[in-house]
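File shown: model-v8.cif. Contents: mmCIF, C-alpha atoms and all ligand atoms.
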```cif
data_run
loop_
_atom_site.label_atom_id
_atom_site.label_comp_id
_atom_site.auth_asym_id
_atom_site.auth_seq_id
_atom_site.Cartn_x
_atom_site.Cartn_y
_atom_site.Cartn_z
CA MET A 2 58.13 111.19 206.22
CA PRO A 3 59.84 110.91 202.84
CA ASN A 4 61.32 107.57 202.10
CA ALA A 5 63.57 106.31 199.32
CA SER A 6 60.72 105.04 197.20
CA ASP A 7 58.92 108.38 196.83
CA ASP A 8 62.06 110.46 196.53
CA LEU A 9 61.70 113.40 194.17
CA PHE A 10 65.27 113.02 193.00
CA THR A 11 67.29 110.16 191.65
CA ARG A 12 70.23 109.80 193.96
CA GLU A 13 72.58 108.02 191.67
CA ASP A 14 73.33 108.43 188.00
CA PRO A 15 71.79 105.31 186.44
CA ILE A 16 74.03 105.37 183.37
CA PHE A 17 77.41 106.94 184.07
CA ALA A 18 79.75 105.75 186.78
CA ASN A 19 82.59 108.05 185.80
CA LYS A 20 81.50 110.45 183.10
CA GLU A 21 84.71 112.56 183.23
CA LEU A 22 86.41 109.79 181.26
CA LEU A 23 84.34 110.87 178.27
CA GLU A 24 84.62 114.64 178.72
CA ILE A 25 86.47 116.59 176.05
CA ASN A 26 89.31 117.78 178.25
CA HIS A 27 89.95 114.51 179.98
CA LEU A 28 93.57 113.48 179.57
CA PRO A 29 93.67 109.68 179.49
CA GLY A 30 96.39 108.08 181.54
CA GLU A 31 98.93 105.50 180.55
CA GLY A 32 97.36 102.40 179.07
CA ARG A 33 94.37 104.33 177.81
CA ILE A 34 96.23 105.83 174.85
CA VAL A 35 95.71 103.28 172.16
CA GLY A 36 97.30 102.84 168.75
CA ARG A 37 99.85 105.60 169.00
CA ASP A 38 102.93 103.71 170.15
CA ASP A 39 105.06 104.68 167.16
CA GLU A 40 104.03 108.31 167.25
CA ILE A 41 104.72 108.51 170.98
CA SER A 42 108.09 106.87 170.67
CA ASN A 43 109.12 109.11 167.73
CA LEU A 44 108.16 112.20 169.66
CA ALA A 45 110.00 110.96 172.72
CA THR A 46 113.15 110.37 170.66
CA ALA A 47 112.96 113.92 169.30
CA VAL A 48 112.81 115.56 172.71
CA ASN A 49 114.93 113.01 174.56
CA PRO A 50 118.25 114.93 174.39
CA ALA A 51 116.78 117.41 176.86
CA ILE A 52 117.26 114.89 179.63
CA PHE A 53 121.01 114.82 179.22
CA GLY A 54 121.37 118.54 178.89
CA GLN A 55 121.20 118.93 175.13
CA SER A 56 118.62 120.84 173.14
CA PRO A 57 115.46 118.93 172.25
CA SER A 58 114.62 118.90 168.54
CA ASN A 59 111.89 121.23 167.43
CA VAL A 60 108.98 119.23 166.12
CA LEU A 61 106.02 119.87 163.88
CA ILE A 62 103.07 117.48 164.13
CA TYR A 63 100.46 117.30 161.41
CA GLY A 64 97.31 115.29 161.19
CA LYS A 65 93.59 115.52 160.80
CA THR A 66 91.34 116.44 163.65
CA GLY A 67 90.94 113.87 166.43
CA THR A 68 94.05 111.87 165.56
CA GLY A 69 95.60 112.31 169.00
CA LYS A 70 98.10 115.08 168.26
CA SER A 71 97.38 117.27 171.28
CA LEU A 72 97.03 114.25 173.51
CA CYS A 73 100.34 112.65 172.52
CA ALA A 74 102.23 115.96 172.64
CA LYS A 75 101.03 116.61 176.19
CA TYR A 76 101.61 113.04 177.24
CA VAL A 77 105.18 112.90 175.95
CA SER A 78 105.95 116.33 177.42
CA GLN A 79 104.69 115.27 180.82
CA ARG A 80 106.69 112.05 180.67
CA LEU A 81 109.78 114.01 179.70
CA VAL A 82 109.32 116.35 182.66
CA ASP A 83 108.89 113.38 185.02
CA THR A 84 111.90 111.52 183.69
CA ALA A 85 114.03 114.66 183.75
CA GLU A 86 113.11 115.17 187.37
CA GLU A 87 114.28 111.64 188.20
CA GLU A 88 117.59 112.56 186.58
CA GLY A 89 117.87 115.75 188.59
CA VAL A 90 117.12 117.94 185.55
CA LYS A 91 114.70 120.79 186.10
CA ALA A 92 112.16 120.66 183.30
CA THR A 93 108.68 121.87 182.53
CA PHE A 94 106.36 122.32 179.62
CA ALA A 95 103.98 125.08 178.59
CA TYR A 96 100.88 124.54 176.52
CA VAL A 97 99.50 127.30 174.29
CA ASP A 98 96.23 127.00 172.40
CA CYS A 99 97.00 129.40 169.56
CA ALA A 100 93.34 129.50 168.51
CA GLN A 101 92.83 131.35 171.77
CA ASP A 102 96.12 133.19 172.04
CA THR A 103 96.43 134.31 168.46
CA THR A 104 98.77 137.24 168.92
CA GLU A 105 102.46 137.09 169.76
CA THR A 106 101.91 139.05 172.97
CA GLN A 107 99.10 136.79 174.21
CA ALA A 108 101.11 133.66 173.48
CA VAL A 109 104.27 134.90 175.23
CA GLN A 110 102.20 136.03 178.19
CA THR A 111 100.60 132.59 178.46
CA ILE A 112 103.95 130.82 178.31
CA ALA A 113 105.63 133.12 180.83
CA ASP A 114 102.69 132.92 183.20
CA SER A 115 102.44 129.15 183.04
CA VAL A 116 106.13 128.46 183.70
CA ASN A 117 106.53 131.14 186.33
CA ASP A 118 106.69 130.57 190.05
CA PRO A 119 106.51 134.09 191.48
CA ALA A 120 107.46 132.90 194.96
CA LEU A 121 110.83 131.80 193.59
CA THR A 122 111.46 134.37 190.87
CA SER A 123 109.73 137.48 192.27
CA ILE A 124 108.80 138.18 188.66
CA LYS A 125 105.25 139.23 187.84
CA VAL A 126 103.52 138.30 184.60
CA PRO A 127 100.35 140.39 184.46
CA ASP A 128 97.53 139.30 182.14
CA LYS A 129 97.99 142.40 180.05
CA GLY A 130 99.52 145.83 180.03
CA LEU A 131 103.15 145.06 179.19
CA SER A 132 104.81 145.42 175.82
CA THR A 133 105.63 142.28 173.89
CA SER A 134 109.35 142.78 174.42
CA THR A 135 108.88 143.13 178.18
CA TYR A 136 106.96 139.85 178.30
CA TYR A 137 109.81 138.20 176.42
CA LYS A 138 112.41 139.61 178.79
CA ARG A 139 110.48 138.30 181.76
CA LEU A 140 110.06 134.92 180.11
CA TRP A 141 113.81 134.58 179.47
CA ARG A 142 114.59 135.56 183.06
CA ILE A 143 112.07 133.07 184.43
CA LEU A 144 113.43 130.26 182.26
CA ASP A 145 117.02 130.87 183.29
CA ALA A 146 116.07 131.20 186.94
CA LEU A 147 114.00 128.04 187.20
CA TYR A 148 114.75 125.48 184.50
CA ASP A 149 117.33 123.46 182.63
CA VAL A 150 114.91 122.62 179.86
CA VAL A 151 111.48 123.74 178.70
CA LEU A 152 109.15 122.36 176.05
CA ILE A 153 106.62 124.70 174.53
CA ILE A 154 103.63 123.16 172.81
CA LEU A 155 102.07 125.54 170.30
CA ASP A 156 98.82 123.81 169.48
CA GLU A 157 96.81 124.94 166.44
CA ILE A 158 99.96 126.83 165.46
CA ASP A 159 98.41 127.85 162.13
CA LYS A 160 96.05 130.15 164.03
CA LEU A 161 98.88 132.46 165.08
CA SER A 162 98.56 135.80 163.39
CA ASP A 163 102.23 135.77 162.36
CA ASP A 164 105.52 133.87 162.71
CA ASP A 165 107.24 136.29 165.08
CA ILE A 166 106.96 134.17 168.19
CA LEU A 167 108.28 131.14 166.32
CA MET A 168 111.29 133.13 165.27
CA GLN A 169 111.93 134.26 168.85
CA LEU A 170 111.46 130.85 170.44
CA SER A 171 113.39 128.87 167.89
CA ARG A 172 116.34 131.26 168.06
CA ALA A 173 116.31 132.11 171.75
CA GLY A 174 119.31 129.96 172.58
CA GLU A 175 121.59 130.94 169.75
CA ALA A 176 120.58 134.60 170.02
CA GLY A 177 121.82 134.54 173.60
CA LYS A 178 118.42 135.43 175.07
CA ILE A 179 118.62 132.54 177.47
CA ALA A 180 121.87 131.38 178.96
CA GLY A 181 121.46 127.96 180.55
CA CYS A 182 117.96 126.81 179.71
CA LYS A 183 117.33 124.67 176.62
CA LEU A 184 114.13 125.20 174.76
CA GLY A 185 112.17 122.95 172.42
CA VAL A 186 109.05 123.79 170.46
CA ILE A 187 106.37 121.29 169.51
CA GLY A 188 104.12 122.86 166.89
CA ILE A 189 100.81 121.16 166.06
CA SER A 190 98.57 121.78 163.09
CA ASN A 191 95.81 120.11 161.18
CA LYS A 192 96.60 122.20 158.10
CA ILE A 193 99.10 120.39 155.96
CA GLN A 194 99.83 123.51 153.96
CA TYR A 195 100.72 125.48 157.02
CA LYS A 196 104.42 124.99 156.45
CA ASP A 197 104.27 126.56 153.00
CA ARG A 198 103.24 129.83 154.55
CA MET A 199 106.09 129.81 157.03
CA ASP A 200 109.04 132.12 156.79
CA GLU A 201 112.06 130.20 155.44
CA ARG A 202 114.24 130.91 158.46
CA VAL A 203 111.56 129.79 160.86
CA LYS A 204 110.91 126.71 158.79
CA SER A 205 114.49 125.57 158.93
CA SER A 206 114.72 125.79 162.70
CA LEU A 207 111.21 124.83 163.68
CA CYS A 208 110.75 121.82 161.45
CA GLU A 209 113.74 119.71 162.49
CA ARG A 210 111.39 116.76 162.81
CA GLU A 211 108.00 116.34 161.27
CA PHE A 212 105.42 113.72 162.09
CA VAL A 213 102.09 113.00 160.48
CA PHE A 214 99.42 111.30 162.59
CA PRO A 215 97.13 109.12 160.46
CA PRO A 216 93.39 108.76 161.13
CA TYR A 217 92.32 105.81 163.29
CA ASP A 218 90.73 102.70 161.85
CA ALA A 219 87.62 101.06 163.27
CA ASN A 220 89.60 98.63 165.45
CA GLN A 221 91.65 101.37 167.02
CA LEU A 222 88.55 103.47 167.66
CA ARG A 223 86.90 100.50 169.29
CA ASP A 224 89.93 99.98 171.52
CA ILE A 225 89.97 103.67 172.45
CA MET A 226 86.29 103.51 173.42
CA ASP A 227 86.66 100.14 175.18
CA ALA A 228 89.45 101.61 177.27
CA ARG A 229 86.96 104.16 178.55
CA SER A 230 83.92 101.97 178.94
CA ASP A 231 84.30 102.16 182.72
CA ALA A 232 82.78 105.62 182.30
CA PHE A 233 79.54 103.65 182.36
CA ARG A 234 77.97 101.60 185.11
CA ASP A 235 78.32 97.87 184.82
CA ASP A 236 76.00 96.27 182.30
CA VAL A 237 74.37 99.45 180.95
CA LEU A 238 76.33 99.43 177.68
CA ASP A 239 74.73 97.31 175.00
CA PRO A 240 77.64 95.20 173.68
CA SER A 241 77.01 96.36 170.12
CA THR A 242 77.01 100.09 170.93
CA ILE A 243 80.78 100.61 170.87
CA PRO A 244 81.41 98.53 167.72
CA ARG A 245 78.67 100.42 165.95
CA ALA A 246 80.00 103.82 167.01
CA ALA A 247 83.52 102.74 165.98
CA ALA A 248 82.38 101.59 162.57
CA LEU A 249 80.53 104.84 161.91
CA ALA A 250 83.32 107.08 163.14
CA ALA A 251 85.99 105.17 161.21
CA ARG A 252 84.04 105.26 157.99
CA GLU A 253 83.65 108.99 158.18
CA HIS A 254 86.83 110.46 159.60
CA GLY A 255 88.83 108.16 161.87
CA ASP A 256 88.42 110.87 164.49
CA ALA A 257 88.75 109.72 168.11
CA ARG A 258 87.14 112.85 169.51
CA LYS A 259 84.04 112.20 167.49
CA ALA A 260 83.95 108.55 168.52
CA ILE A 261 84.15 109.48 172.20
CA ASP A 262 81.55 112.21 171.75
CA ILE A 263 79.19 109.73 170.14
CA LEU A 264 79.58 107.44 173.12
CA ARG A 265 78.96 110.22 175.62
CA TYR A 266 75.92 111.50 173.75
CA ALA A 267 74.50 107.99 173.43
CA GLY A 268 74.76 107.76 177.22
CA GLU A 269 73.07 111.12 177.62
CA ILE A 270 70.25 110.03 175.33
CA ALA A 271 69.74 106.96 177.53
CA GLN A 272 69.73 109.23 180.56
CA SER A 273 67.23 111.71 179.19
CA THR A 274 64.86 109.09 177.86
CA GLY A 275 64.97 107.07 181.05
CA ALA A 276 66.36 104.00 179.29
CA ASN A 277 68.44 101.75 181.49
CA ILE A 278 70.57 100.50 178.61
CA VAL A 279 72.73 102.53 176.20
CA LYS A 280 71.29 100.96 173.10
CA GLU A 281 72.94 100.63 169.76
CA GLU A 282 70.12 102.59 168.14
CA PHE A 283 71.04 105.70 170.16
CA VAL A 284 74.27 105.88 168.19
CA THR A 285 72.59 107.33 165.09
CA GLN A 286 71.17 110.32 166.92
CA ALA A 287 74.36 110.74 168.94
CA ARG A 288 76.34 110.79 165.74
CA GLN A 289 74.39 113.77 164.41
CA ARG A 290 75.11 115.78 167.52
CA ALA A 291 78.78 114.80 167.42
CA GLU A 292 78.95 115.88 163.80
CA THR A 293 77.68 119.37 164.56
CA ASP A 294 80.13 119.69 167.44
CA ARG A 295 82.95 118.46 165.31
CA PHE A 296 82.30 120.98 162.59
CA ARG A 297 82.02 123.80 165.11
CA GLU A 298 85.35 122.76 166.57
CA LEU A 299 86.96 122.41 163.14
CA ILE A 300 86.22 125.97 162.16
CA ARG A 301 86.88 127.44 165.58
CA GLY A 302 89.24 130.37 165.20
CA SER A 303 89.30 130.15 161.42
CA THR A 304 89.43 133.39 159.46
CA PRO A 305 86.28 135.07 158.17
CA HIS A 306 87.29 134.36 154.57
CA SER A 307 87.81 130.71 155.26
CA ARG A 308 84.21 130.72 156.56
CA TYR A 309 82.86 132.71 153.63
CA VAL A 310 84.23 130.09 151.27
CA LEU A 311 82.36 127.37 153.15
CA GLN A 312 79.27 129.49 153.34
CA ALA A 313 79.42 129.87 149.56
CA LEU A 314 79.53 126.11 149.14
CA ALA A 315 76.69 125.62 151.62
CA ILE A 316 74.54 128.15 149.75
CA LEU A 317 75.27 126.43 146.45
CA SER A 318 74.55 122.99 147.88
CA LEU A 319 71.27 124.08 149.43
CA SER A 320 69.99 125.74 146.28
CA ASN A 321 71.08 123.09 143.79
CA GLN A 322 70.33 119.45 143.38
CA LYS A 323 73.63 118.80 141.63
CA LYS A 324 75.45 115.97 143.32
CA ASP A 325 78.94 116.16 141.96
CA GLY A 326 80.02 119.52 143.31
CA PHE A 327 80.70 123.01 142.02
CA ARG A 328 83.51 124.47 140.00
CA THR A 329 86.00 126.82 141.56
CA SER A 330 84.78 129.73 139.44
CA ARG A 331 81.20 129.21 140.62
CA VAL A 332 82.24 128.99 144.28
CA TYR A 333 84.31 132.11 143.81
CA GLU A 334 81.36 134.08 142.43
CA VAL A 335 79.19 133.26 145.42
CA TYR A 336 82.11 133.93 147.74
CA GLU A 337 82.57 137.38 146.20
CA ASN A 338 78.89 138.11 146.81
CA ILE A 339 79.23 137.15 150.45
CA CYS A 340 82.28 139.41 150.79
CA ARG A 341 80.32 142.27 149.28
CA GLN A 342 77.47 141.71 151.74
CA GLN A 343 79.97 141.63 154.59
CA GLY A 344 81.61 144.81 153.37
CA SER A 345 84.90 143.04 153.05
CA ASP A 346 87.39 142.94 150.15
CA SER A 347 87.52 139.54 148.52
CA LEU A 348 90.72 137.53 148.39
CA SER A 349 92.32 136.50 145.10
CA LEU A 350 91.12 133.40 143.32
CA ARG A 351 94.42 131.78 144.20
CA ARG A 352 93.96 132.32 147.93
CA VAL A 353 90.42 130.99 147.71
CA ARG A 354 91.78 127.88 146.00
CA ASP A 355 94.19 127.44 148.91
CA LEU A 356 91.37 127.81 151.42
CA LEU A 357 89.37 125.19 149.56
CA LYS A 358 92.36 122.88 149.69
CA GLU A 359 92.64 123.36 153.44
CA HIS A 360 88.99 122.45 153.84
CA ALA A 361 89.55 119.39 151.69
CA PHE A 362 92.42 118.27 153.89
CA LEU A 363 90.12 118.46 156.89
CA ASP A 364 87.47 116.45 155.03
CA ILE A 365 85.00 119.30 155.23
CA ILE A 366 84.83 119.26 151.45
CA GLU A 367 85.88 116.88 148.73
CA GLN A 368 87.63 117.93 145.54
CA SER A 369 87.51 116.11 142.25
CA LYS A 370 89.43 116.77 139.05
CA HIS A 371 87.58 116.80 135.75
CA SER A 372 88.66 117.03 132.20
CA GLY A 373 86.56 119.34 130.09
CA GLY A 374 88.10 118.20 126.81
CA SER A 375 90.57 120.10 124.68
CA ALA A 376 88.50 123.28 124.52
CA GLU A 377 88.17 123.67 128.23
CA GLY A 378 91.14 121.98 129.83
CA SER A 379 90.82 120.42 133.25
CA TYR A 380 89.04 121.88 136.24
CA THR A 381 88.29 121.08 139.86
CA LYS A 382 84.94 120.61 141.51
CA HIS A 383 84.25 121.07 145.19
CA GLN A 384 81.61 119.41 147.23
CA LEU A 385 80.64 119.71 150.87
CA LEU A 386 81.06 116.53 152.86
CA GLU A 387 79.38 118.03 155.89
CA ASP A 388 75.63 118.42 155.89
CA PRO A 389 75.02 121.88 154.31
CA ASP A 390 72.39 122.69 156.93
CA VAL A 391 74.86 121.96 159.71
CA VAL A 392 77.43 124.17 157.97
CA LYS A 393 74.97 127.00 157.52
CA ASP A 394 73.65 126.77 161.08
CA VAL A 395 77.07 126.69 162.68
CA LEU A 396 78.42 129.51 160.52
CA THR A 397 75.47 131.78 161.25
CA GLU A 398 75.41 131.01 164.98
CA ASP A 399 79.05 132.07 165.07
CA VAL A 400 78.38 135.36 163.36
CA GLU A 401 75.92 136.27 166.11
CA ILE A 402 78.48 135.83 168.89
N1 LIG B 501 95.08 107.04 170.91
C1 LIG B 501 94.15 107.51 171.73
N2 LIG B 501 93.79 106.84 172.82
C2 LIG B 501 92.85 107.34 173.65
N3 LIG B 501 92.22 108.49 173.46
C3 LIG B 501 92.51 109.20 172.37
C4 LIG B 501 93.51 108.75 171.45
N4 LIG B 501 93.62 109.66 170.46
C5 LIG B 501 92.76 110.63 170.74
N5 LIG B 501 92.10 110.38 171.88
C6 LIG B 501 91.07 111.24 172.49
O1 LIG B 501 90.34 111.84 171.41
C7 LIG B 501 90.18 113.23 171.61
C8 LIG B 501 90.86 113.97 170.49
O2 LIG B 501 92.28 113.82 170.55
P1 LIG B 501 93.26 115.06 170.37
O3 LIG B 501 92.67 116.26 171.05
O4 LIG B 501 94.61 114.67 170.78
O5 LIG B 501 93.17 115.24 168.79
P2 LIG B 501 93.95 116.26 167.85
O6 LIG B 501 94.69 115.44 166.85
O7 LIG B 501 94.71 117.22 168.67
O8 LIG B 501 92.74 116.98 167.10
P3 LIG B 501 92.60 118.52 166.63
O9 LIG B 501 93.38 118.64 165.36
O10 LIG B 501 91.14 118.68 166.41
O11 LIG B 501 93.12 119.38 167.74
C9 LIG B 501 90.73 113.54 172.97
O12 LIG B 501 89.67 113.52 173.90
C10 LIG B 501 91.70 112.40 173.24
O13 LIG B 501 91.78 112.15 174.62
MG MG B 502 94.45 119.19 169.10
#
```

Could I get this structure in the form of structure tokens?
Ligand SMILES: Nc1ncnc2c1ncn2[C@@H]1O[C@H](COP(=O)(O)OP(=O)(O)OP(=O)(O)O)[C@@H](O)[C@H]1O
Ligand SMILES: [Mg+2]
Amino acid sequence: MPNASDDLFTREDPIFANKELLEINHLPGEGRIVGRDDEISNLATAVNPAIFGQSPSNVLIYGKTGTGKSLCAKYVSQRLVDTAEEEGVKATFAYVDCAQDTTETQAVQTIADSVNDPALTSIKVPDKGLSTSTYYKRLWRILDALYDVVLIILDEIDKLSDDDILMQLSRAGEAGKIAGCKLGVIGISNKIQYKDRMDERVKSSLCEREFVFPPYDANQLRDIMDARSDAFRDDVLDPSTIPRAAALAAREHGDARKAIDILRYAGEIAQSTGANIVKEEFVTQARQRAETDRFRELIRGSTPHSRYVLQALAILSLSNQKKDGFRTSRVYEVYENICRQQGSDSLSLRRVRDLLKEHAFLDIIEQSKHSGGSAEGSYTKHQLLEDPDVVKDVLTEDVEI
């Protein structure tokens, strides 16, 4: 007869009590969002008019990765919907990940499908097969049939292939597409230059309010992790593990996602090595894994040329000992070679400069200005901040998909 002591399986997770709290898609509840009071209250003020029947302001949120943009946008939208309901206002919000739904048609389909209630509207929103304009028509009908106000979160808005949907959404009311329903758009991007690329008309209506979310400092990261420490069983977390993870994550990026990932991985390392304590020393190894994940996530959905530019820098970094970076012209040469190998036309030097700037904003690379003296003028050097091997691995694994 088997008994508990010679059981083949462990019946209880020795480390995690509630691991979901540390999973990527977990949406923390009230009281677990730390250090974003101002941002939350600013966002709430911008969309507040919806509750008394006026149009919410359209908002654009910028900030580096892991600064809580998606989280706060969803949180405020949900709170708005709840409060509206208490006031007898019919409200909802739709969330679009534009890295996934890059085309206008896909994005409209996602919005229409997510706000629809076919039992009430008798309107069908098939996954595909309709023209873009038909999806729009159905969306407008659904909105007018069901809601007084709708917020649409366009996350990673810079990944949209063009501005057309922004034009449609931001003008729907005044163009008479929807009669009673008010519509607000919350656009989110981690590319500060995104706005420069936007059509002027879209810019003026979409960017009524703009907010920038700053990176977290070590104290805030520690609070964020502390607020989730009940993911672990009592007494398995070494008291110095969270402070150490917070210090590392703050020094590098101030990225809450990375901090939480480090904590989860440290727990998994304890699990897989049979340790009964999540020791501080596991943080180093966990950090490496989190770094690779972070980079993969950062470049998710980015254009091939944006990747070629990084690949060029990774190649240069791996084949040179130079520590202070590479000049734009040198990066451009290698980039052109990569384009040739890929059978793709290269972009202009100016566009490549812009791409480098975007990478710098995301802290993937660092740029430094140099003066070459009167003969040469000044120039910029670019250096990878990510480990070049990580960059190369992640970029090549992606190509194979
Ligand atoms: N203030 C916070 N309190 C608690 N958890 C947070 C906070 N900020 C971020 N997080 C958590 O960190 C992770 C990253 O946050 P979020 O997805 O909102 O970042 P983001 O700014 O949208 O990043 P990206 O630009 O990469 O999309 C999420 O798991 C989120 O729950
Ligand atoms: Mg996000």

>> I need every residue sitting at most 12 Å from the point (105.2, 125.8, 155.0) (coordinates as in the file, all atoms listed in the file considered), written as a PyMOL selection string.
In response: chain A and resi 61+63+158-159+164+190+192-205+207-208+211

(request) Have a look at A:Ala146, A:Asp165, A:Leu184, A:Lys70 and name the one nearest to A:Asp256; count only C-alpha atoms. (result)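 Among A:Ala146, A:Asp165, A:Leu184, A:Lys70, it is A:Lys70 that comes nearest to A:Asp256.
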
query = So which residues touch stretch 32-37 of chain A within 9 Å, counting all atoms listed in the file, skipping near sequence neighbours fewer than 4 positions away, as an MDAnalysis selection string?
reply = chainID A and resid 41:42 69 72:73 214 217 221:222 224:225 228:229

message = Is it possible to get the residues within 12 Å of (84.4, 131.9, 140.2) (coordinates as in the file, counting all atoms listed in the file) written as a ChimeraX atom specification?
response = /A:310,313-314,327-338,347-351,353-354,380-383

Would you tabulate, counting all atoms listed in the file, all residues of chain A that have an atom at most 7 Å from an atom of ligand MG 502 (chain B), showing the closest pair of atoms and their distance in Å to one decimal, sorted by chain then ascending number, as a tab-separated table?
```
residue	atom	partner	partner_atom	distance
A:Thr66	CA	B:MG502	MG	6.9
A:Gly67	CA	B:MG502	MG	6.9
A:Gly69	CA	B:MG502	MG	7.0
A:Lys70	CA	B:MG502	MG	5.6
A:Ser71	CA	B:MG502	MG	4.1
A:Asp156	CA	B:MG502	MG	6.4
A:Glu157	CA	B:MG502	MG	6.8
```

With distances taken over only C-alpha atoms, the candidate from A:Leu23, A:Ala18, A:Val237, A:Val150 nearest A:Ile261 is A:Leu23

Using only C-alpha atoms, the best pick from A:Val284, A:Leu363, A:Val109, A:Leu28 as closest to A:Pro216 would be A:Leu363

Between atom CA of A:Ile187 and atom CA of A:Arg301 lies a distance of 20.8 Å

Selected residue, from A:Asp8, A:Glu398, A:Asp14, A:Glu209, that lies nearest to A:Ala47 when counting all atoms listed in the file: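 Of all the options, A:Glu209 lies closest to A:Ala47.
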